[in-house]
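S.K.: Below is the file my_file_35.cif, with mmCIF, N, CA and C atoms.
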```
data_structure
loop_
_atom_site.label_atom_id
_atom_site.label_comp_id
_atom_site.auth_asym_id
_atom_site.auth_seq_id
_atom_site.Cartn_x
_atom_site.Cartn_y
_atom_site.Cartn_z
N MET J 1 33.13 80.03 14.39
CA MET J 1 31.95 80.04 15.21
C MET J 1 31.19 78.73 14.99
N ALA J 2 30.85 78.06 16.05
CA ALA J 2 30.12 76.80 15.98
C ALA J 2 28.65 77.05 15.72
N GLY J 3 28.01 76.08 15.07
CA GLY J 3 26.58 76.18 14.81
C GLY J 3 25.78 75.74 16.02
N PRO J 4 24.45 75.76 15.87
CA PRO J 4 23.58 75.35 16.96
C PRO J 4 23.85 73.90 17.37
N THR J 5 23.65 73.60 18.61
CA THR J 5 23.86 72.28 19.18
C THR J 5 22.62 71.43 18.97
N SER J 6 22.79 70.16 18.71
CA SER J 6 21.67 69.22 18.68
C SER J 6 21.71 68.40 19.96
N PHE J 7 20.58 68.36 20.66
CA PHE J 7 20.48 67.55 21.87
C PHE J 7 19.98 66.15 21.56
N ALA J 8 19.72 65.86 20.28
CA ALA J 8 19.18 64.57 19.89
C ALA J 8 20.04 63.39 20.37
N PRO J 9 21.37 63.40 20.18
CA PRO J 9 22.17 62.25 20.64
C PRO J 9 22.06 62.01 22.16
N MET J 10 21.99 63.08 22.92
CA MET J 10 21.88 62.95 24.37
C MET J 10 20.51 62.36 24.75
N ILE J 11 19.47 62.81 24.08
CA ILE J 11 18.12 62.29 24.35
C ILE J 11 18.03 60.84 23.93
N GLU J 12 18.62 60.50 22.78
CA GLU J 12 18.63 59.11 22.33
C GLU J 12 19.36 58.20 23.32
N MET J 13 20.47 58.69 23.89
CA MET J 13 21.19 57.90 24.90
C MET J 13 20.31 57.70 26.13
N ALA J 14 19.58 58.73 26.54
CA ALA J 14 18.68 58.60 27.69
C ALA J 14 17.58 57.58 27.40
N MET J 15 17.07 57.56 26.17
CA MET J 15 16.06 56.58 25.80
C MET J 15 16.62 55.16 25.90
N SER J 16 17.88 54.98 25.51
CA SER J 16 18.53 53.67 25.62
C SER J 16 18.66 53.26 27.09
N ILE J 17 19.02 54.20 27.94
CA ILE J 17 19.14 53.91 29.37
C ILE J 17 17.80 53.48 29.96
N VAL J 18 16.73 54.17 29.54
CA VAL J 18 15.39 53.80 30.00
C VAL J 18 15.05 52.38 29.55
N GLU J 19 15.34 52.06 28.29
CA GLU J 19 15.09 50.70 27.79
C GLU J 19 15.87 49.67 28.59
N GLU J 20 17.16 49.95 28.85
CA GLU J 20 18.01 49.01 29.57
C GLU J 20 17.56 48.83 31.02
N SER J 21 16.86 49.82 31.57
CA SER J 21 16.39 49.72 32.96
C SER J 21 15.06 48.99 33.06
N GLY J 22 14.55 48.50 31.95
CA GLY J 22 13.27 47.81 31.97
C GLY J 22 12.09 48.78 31.99
N GLY J 23 12.32 49.99 31.54
CA GLY J 23 11.23 50.96 31.47
C GLY J 23 10.97 51.74 32.74
N GLN J 24 11.98 51.81 33.62
CA GLN J 24 11.83 52.64 34.81
C GLN J 24 11.78 54.10 34.41
N TYR J 25 11.11 54.91 35.23
CA TYR J 25 10.97 56.34 34.95
C TYR J 25 12.29 57.05 35.20
N HIS J 26 12.66 57.94 34.27
CA HIS J 26 13.90 58.72 34.37
C HIS J 26 13.62 60.18 34.04
N VAL J 27 14.49 61.04 34.55
CA VAL J 27 14.46 62.46 34.22
C VAL J 27 15.82 62.82 33.64
N LEU J 28 15.82 63.41 32.46
CA LEU J 28 17.05 63.87 31.81
C LEU J 28 17.15 65.37 32.03
N LEU J 29 18.21 65.81 32.66
CA LEU J 29 18.45 67.23 32.90
C LEU J 29 19.57 67.68 31.97
N ILE J 30 19.27 68.66 31.12
CA ILE J 30 20.25 69.21 30.20
C ILE J 30 20.48 70.66 30.59
N VAL J 31 21.73 71.03 30.79
CA VAL J 31 22.09 72.42 31.06
C VAL J 31 22.80 72.94 29.81
N ALA J 32 22.26 74.01 29.21
CA ALA J 32 22.79 74.48 27.93
C ALA J 32 22.97 75.99 27.96
N ASP J 33 23.92 76.45 27.16
CA ASP J 33 24.17 77.90 27.09
C ASP J 33 23.85 78.47 25.72
N GLY J 34 23.15 77.70 24.91
CA GLY J 34 22.79 78.21 23.59
C GLY J 34 21.67 77.43 22.97
N GLN J 35 21.27 77.86 21.81
CA GLN J 35 20.14 77.28 21.09
C GLN J 35 20.50 75.92 20.52
N GLU J 36 19.55 75.20 20.07
CA GLU J 36 19.77 73.88 19.51
C GLU J 36 19.11 73.75 18.14
N GLN J 37 19.24 72.58 17.54
CA GLN J 37 18.70 72.36 16.20
C GLN J 37 18.38 70.89 16.02
N LYS J 38 17.38 70.56 15.22
CA LYS J 38 17.04 69.18 14.83
C LYS J 38 16.74 68.27 16.01
N THR J 39 16.00 68.76 16.99
CA THR J 39 15.71 67.95 18.16
C THR J 39 14.24 67.58 18.28
N ILE J 40 13.36 68.22 17.54
CA ILE J 40 11.92 67.99 17.70
C ILE J 40 11.56 66.51 17.52
N ASN J 41 12.06 65.88 16.47
CA ASN J 41 11.71 64.48 16.23
C ASN J 41 12.17 63.57 17.36
N THR J 42 13.30 63.89 17.95
CA THR J 42 13.80 63.07 19.06
C THR J 42 12.96 63.29 20.31
N ILE J 43 12.52 64.52 20.55
CA ILE J 43 11.63 64.78 21.70
C ILE J 43 10.32 64.03 21.50
N ILE J 44 9.80 64.03 20.28
CA ILE J 44 8.57 63.28 19.99
C ILE J 44 8.79 61.79 20.25
N LYS J 45 9.89 61.23 19.74
CA LYS J 45 10.19 59.81 19.95
C LYS J 45 10.37 59.50 21.43
N ALA J 46 11.00 60.41 22.18
CA ALA J 46 11.23 60.19 23.61
C ALA J 46 9.92 60.15 24.39
N SER J 47 8.84 60.72 23.84
CA SER J 47 7.57 60.68 24.56
C SER J 47 6.94 59.29 24.54
N GLU J 48 7.56 58.35 23.86
CA GLU J 48 7.12 56.95 23.89
C GLU J 48 7.80 56.18 25.01
N TYR J 49 8.63 56.88 25.79
CA TYR J 49 9.38 56.30 26.90
C TYR J 49 9.01 57.00 28.20
N PRO J 50 9.18 56.33 29.33
CA PRO J 50 8.95 57.01 30.61
C PRO J 50 10.14 57.92 30.93
N LEU J 51 10.22 59.02 30.21
CA LEU J 51 11.36 59.92 30.28
C LEU J 51 10.88 61.37 30.21
N SER J 52 11.21 62.14 31.23
CA SER J 52 10.96 63.58 31.21
C SER J 52 12.26 64.29 30.90
N ILE J 53 12.18 65.35 30.12
CA ILE J 53 13.37 66.10 29.72
C ILE J 53 13.23 67.52 30.25
N ILE J 54 14.20 67.95 31.04
CA ILE J 54 14.23 69.32 31.55
C ILE J 54 15.47 69.98 30.97
N LEU J 55 15.28 71.08 30.26
CA LEU J 55 16.41 71.81 29.72
C LEU J 55 16.52 73.14 30.47
N VAL J 56 17.67 73.37 31.08
CA VAL J 56 17.93 74.60 31.82
C VAL J 56 18.85 75.47 30.97
N GLY J 57 18.34 76.63 30.56
CA GLY J 57 19.12 77.57 29.77
C GLY J 57 19.91 78.49 30.68
N VAL J 58 21.24 78.43 30.59
CA VAL J 58 22.09 79.24 31.48
C VAL J 58 22.73 80.42 30.78
N GLY J 59 22.64 80.49 29.48
CA GLY J 59 23.24 81.60 28.74
C GLY J 59 22.18 82.62 28.36
N ASP J 60 22.55 83.47 27.42
CA ASP J 60 21.62 84.51 27.00
C ASP J 60 20.79 84.10 25.79
N GLY J 61 20.83 82.81 25.44
CA GLY J 61 19.97 82.28 24.38
C GLY J 61 20.44 82.63 22.99
N PRO J 62 19.53 82.94 22.11
CA PRO J 62 18.09 83.14 22.32
C PRO J 62 17.38 81.81 22.58
N TRP J 63 16.31 81.86 23.33
CA TRP J 63 15.62 80.66 23.78
C TRP J 63 14.25 80.48 23.15
N ASP J 64 13.97 81.16 22.06
CA ASP J 64 12.65 81.07 21.43
C ASP J 64 12.28 79.64 21.05
N THR J 65 13.23 78.90 20.48
CA THR J 65 12.94 77.53 20.07
C THR J 65 12.66 76.65 21.28
N MET J 66 13.37 76.87 22.36
CA MET J 66 13.13 76.06 23.57
C MET J 66 11.73 76.30 24.13
N ARG J 67 11.31 77.55 24.13
CA ARG J 67 9.95 77.86 24.59
C ARG J 67 8.92 77.18 23.68
N GLU J 68 9.22 77.16 22.39
CA GLU J 68 8.34 76.50 21.43
C GLU J 68 8.28 75.00 21.71
N PHE J 69 9.43 74.38 21.97
CA PHE J 69 9.47 72.96 22.30
C PHE J 69 8.65 72.68 23.55
N ASP J 70 8.74 73.58 24.53
CA ASP J 70 8.08 73.37 25.80
C ASP J 70 6.57 73.31 25.64
N ASP J 71 6.01 74.11 24.75
CA ASP J 71 4.56 74.26 24.71
C ASP J 71 3.87 73.77 23.44
N ASN J 72 4.58 73.61 22.34
CA ASN J 72 3.89 73.46 21.06
C ASN J 72 4.37 72.31 20.18
N ILE J 73 4.57 71.15 20.75
CA ILE J 73 4.88 69.98 19.93
C ILE J 73 3.70 69.02 20.09
N PRO J 74 2.71 69.11 19.21
CA PRO J 74 1.48 68.35 19.40
C PRO J 74 1.60 66.85 19.14
N ALA J 75 2.60 66.40 18.43
CA ALA J 75 2.68 65.00 18.04
C ALA J 75 3.18 64.07 19.16
N ARG J 76 3.48 64.60 20.32
CA ARG J 76 4.02 63.77 21.40
C ARG J 76 2.94 62.93 22.07
N ALA J 77 3.34 61.77 22.60
CA ALA J 77 2.42 60.94 23.38
C ALA J 77 2.02 61.65 24.67
N PHE J 78 2.96 62.41 25.25
CA PHE J 78 2.67 63.25 26.41
C PHE J 78 3.66 64.41 26.43
N ASP J 79 3.35 65.44 27.19
CA ASP J 79 4.21 66.62 27.30
C ASP J 79 5.42 66.25 28.14
N ASN J 80 6.50 65.87 27.47
CA ASN J 80 7.68 65.32 28.14
C ASN J 80 8.84 66.30 28.26
N PHE J 81 8.62 67.57 27.93
CA PHE J 81 9.73 68.54 27.87
C PHE J 81 9.39 69.79 28.66
N GLN J 82 10.34 70.23 29.47
CA GLN J 82 10.19 71.46 30.25
C GLN J 82 11.44 72.32 30.05
N PHE J 83 11.24 73.57 29.67
CA PHE J 83 12.35 74.50 29.53
C PHE J 83 12.31 75.51 30.67
N VAL J 84 13.48 75.77 31.26
CA VAL J 84 13.61 76.77 32.32
C VAL J 84 14.74 77.73 31.95
N ASN J 85 14.42 79.01 31.92
CA ASN J 85 15.42 80.03 31.63
C ASN J 85 16.07 80.45 32.95
N PHE J 86 17.18 79.81 33.28
CA PHE J 86 17.87 80.05 34.54
C PHE J 86 18.32 81.50 34.68
N ALA J 87 18.92 82.03 33.63
CA ALA J 87 19.43 83.41 33.68
C ALA J 87 18.30 84.40 33.96
N GLU J 88 17.16 84.17 33.33
CA GLU J 88 16.01 85.07 33.54
C GLU J 88 15.53 85.00 34.99
N LEU J 89 15.44 83.79 35.54
CA LEU J 89 15.01 83.64 36.94
C LEU J 89 16.00 84.27 37.91
N MET J 90 17.29 84.07 37.64
CA MET J 90 18.30 84.58 38.56
C MET J 90 18.50 86.09 38.45
N SER J 91 18.00 86.70 37.39
CA SER J 91 18.15 88.14 37.23
C SER J 91 17.03 88.92 37.93
N LYS J 92 16.05 88.21 38.47
CA LYS J 92 14.95 88.89 39.17
C LYS J 92 15.47 89.61 40.40
N ASN J 93 14.82 90.69 40.73
CA ASN J 93 15.22 91.49 41.88
C ASN J 93 14.49 91.00 43.14
N VAL J 94 14.80 89.76 43.53
CA VAL J 94 14.25 89.16 44.75
C VAL J 94 15.40 88.46 45.48
N ASP J 95 15.16 88.07 46.72
CA ASP J 95 16.25 87.45 47.49
C ASP J 95 16.61 86.08 46.93
N LEU J 96 17.81 85.61 47.24
CA LEU J 96 18.36 84.38 46.67
C LEU J 96 17.47 83.17 46.96
N LEU J 97 16.96 83.05 48.17
CA LEU J 97 16.11 81.91 48.50
C LEU J 97 14.88 81.87 47.59
N ARG J 98 14.30 83.02 47.33
CA ARG J 98 13.13 83.10 46.44
C ARG J 98 13.52 82.68 45.03
N LYS J 99 14.69 83.11 44.55
CA LYS J 99 15.16 82.72 43.23
C LYS J 99 15.34 81.20 43.15
N GLN J 100 15.97 80.63 44.17
CA GLN J 100 16.21 79.19 44.19
C GLN J 100 14.89 78.42 44.21
N THR J 101 13.94 78.91 45.00
CA THR J 101 12.63 78.26 45.08
C THR J 101 11.91 78.33 43.75
N GLU J 102 11.94 79.50 43.10
CA GLU J 102 11.29 79.64 41.80
C GLU J 102 11.94 78.75 40.75
N PHE J 103 13.26 78.61 40.81
CA PHE J 103 13.94 77.73 39.87
C PHE J 103 13.51 76.28 40.08
N ALA J 104 13.53 75.82 41.32
CA ALA J 104 13.14 74.44 41.61
C ALA J 104 11.70 74.18 41.15
N LEU J 105 10.82 75.10 41.44
CA LEU J 105 9.43 74.95 41.03
C LEU J 105 9.31 74.90 39.50
N ALA J 106 9.97 75.82 38.82
CA ALA J 106 9.90 75.86 37.35
C ALA J 106 10.46 74.58 36.73
N ALA J 107 11.55 74.08 37.29
CA ALA J 107 12.20 72.88 36.73
C ALA J 107 11.40 71.61 36.97
N LEU J 108 10.75 71.53 38.13
CA LEU J 108 10.14 70.26 38.52
C LEU J 108 8.62 70.23 38.47
N MET J 109 7.97 71.34 38.17
CA MET J 109 6.52 71.42 38.31
C MET J 109 5.74 70.48 37.41
N GLU J 110 6.29 70.06 36.28
CA GLU J 110 5.55 69.17 35.39
C GLU J 110 5.84 67.69 35.63
N ILE J 111 6.80 67.39 36.48
CA ILE J 111 7.17 65.98 36.72
C ILE J 111 5.98 65.14 37.20
N PRO J 112 5.18 65.58 38.17
CA PRO J 112 4.06 64.71 38.59
C PRO J 112 3.09 64.38 37.45
N SER J 113 2.72 65.36 36.64
CA SER J 113 1.79 65.07 35.54
C SER J 113 2.46 64.24 34.46
N GLN J 114 3.76 64.42 34.25
CA GLN J 114 4.48 63.62 33.27
C GLN J 114 4.57 62.16 33.73
N TYR J 115 4.86 61.97 35.01
CA TYR J 115 4.92 60.61 35.56
C TYR J 115 3.55 59.93 35.44
N LYS J 116 2.51 60.67 35.79
CA LYS J 116 1.14 60.14 35.69
C LYS J 116 0.83 59.76 34.24
N ALA J 117 1.26 60.58 33.29
CA ALA J 117 1.02 60.27 31.88
C ALA J 117 1.70 58.97 31.47
N THR J 118 2.90 58.71 31.98
CA THR J 118 3.58 57.45 31.62
C THR J 118 2.81 56.24 32.15
N ILE J 119 2.17 56.40 33.30
CA ILE J 119 1.33 55.31 33.84
C ILE J 119 0.09 55.13 32.99
N GLU J 120 -0.59 56.24 32.67
CA GLU J 120 -1.82 56.18 31.88
C GLU J 120 -1.57 55.65 30.47
N LEU J 121 -0.41 55.95 29.90
CA LEU J 121 -0.06 55.46 28.56
C LEU J 121 0.49 54.04 28.58
N ASN J 122 0.65 53.50 29.79
CA ASN J 122 1.17 52.14 29.98
C ASN J 122 2.57 51.98 29.37
N ILE J 123 3.41 53.02 29.54
CA ILE J 123 4.79 52.92 29.05
C ILE J 123 5.79 52.80 30.19
N LEU J 124 5.30 52.82 31.42
CA LEU J 124 6.17 52.66 32.58
C LEU J 124 6.40 51.17 32.80
N GLY J 125 7.69 50.76 32.95
CA GLY J 125 8.04 49.35 33.07
C GLY J 125 7.59 48.71 34.34
#
```
Spit out the file's structure as structure tokens when you get a sec.
M.R.:
Amino acid sequence: MAGPTSFAPMIEMAMSIVEESGGQYHVLLIVADGQEQKTINTIIKASEYPLSIILVGVGDGPWDTMREFDDNIPARAFDNFQFVNFAELMSKNVDLLRKQTEFALAALMEIPSQYKATIELNILG
């Protein structure tokens, strides 16, 4: 049985891509089917870049740590992380279009404020 996954290398690669682009704004979308480990410091470091991170949970989790990352990492320059529980949204007893709309809204709703934060922090290239 494999241990928890670390998303740190993927986030670090995204930070390198942002640097190589001259500081253009980027969104990193991670689709995962399980919990992770040792990523908080990398999420904090990534908040120094014009980079938003969206993690979509497609498995049964548990997703407690992801929810914690989404709301409770105070050391970041800005709130750069959004977690969406895809399985939970898709299990709702509503029509497919409503599910798709709720997913899109949940995944993208923080992007405008995150982009604005990168401008206000003067980290956008």
S.K.: Let me know the residues the PyMOL selection byres (((chain J and resi 57-60 and name CA) around 10) and name CA) catches in the file above, as a ChimeraX atom specification.
M.R.: /J:30-35,54-56,61-63,66,83-90
S.K.: Taking only C-alpha atoms into account, name the residue in J:Asp95, J:Glu110, J:Ile11, J:Glu102 that is nearest to Phe78 of chain J.
M.R.: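 For Phe78 of chain J, the nearest of the given residues is J:Glu110.
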S.K.: Figure out the distance between atom N of Ile111 of chain J and atom CA of Gly23 of chain J, please, to one decimal in Å.
M.R.: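 Separating atom CA of Gly23 of chain J from atom N of Ile111 of chain J is a distance of 17.7 Å.
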S.K.: Separation of atom N of Ile73 of chain J and atom CA of Leu28 of chain J, in Å?
M.R.: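 Going from atom N of Ile73 of chain J over to atom CA of Leu28 of chain J, I get 18.2 Å.
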S.K.: For a quick check of your reading of the model, name the residues lying within 8 Å of the coordinate (5.2, 57.5, 25.7), counting all atoms listed in the file, and write them as a ChimeraX atom specification.
M.R.: /J:44-51,76-78,117-118,121-124
S.K.: My list of candidates is J:Asn80, J:Val94, J:Leu108, J:Ser52. Which is closest to Val18 of chain J when distances are computed with only C-alpha atoms?
M.R.: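 Residue with the minimum atom-to-atom distance to Val18 of chain J: J:Ser52.
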S.K.: Going by DSSP on the backbone, which residues of chain J come out as alpha helix (DSSP H)? List them as a PyMOL selection string.
M.R.: chain J and resi 8-20+40-46+64-71+86-90+96-108+111-120
S.K.: Taking only segment 39-121 of chain J into account, list the residues labelled strand (DSSP E) by DSSP (computed from the backbone), as a ChimeraX atom specification.
M.R.: /J:51-57,81-85
S.K.: Do you have the atom CA of Tyr115 of chain J-atom CA of His26 of chain J distance handy?
M.R.: 9.3 Å
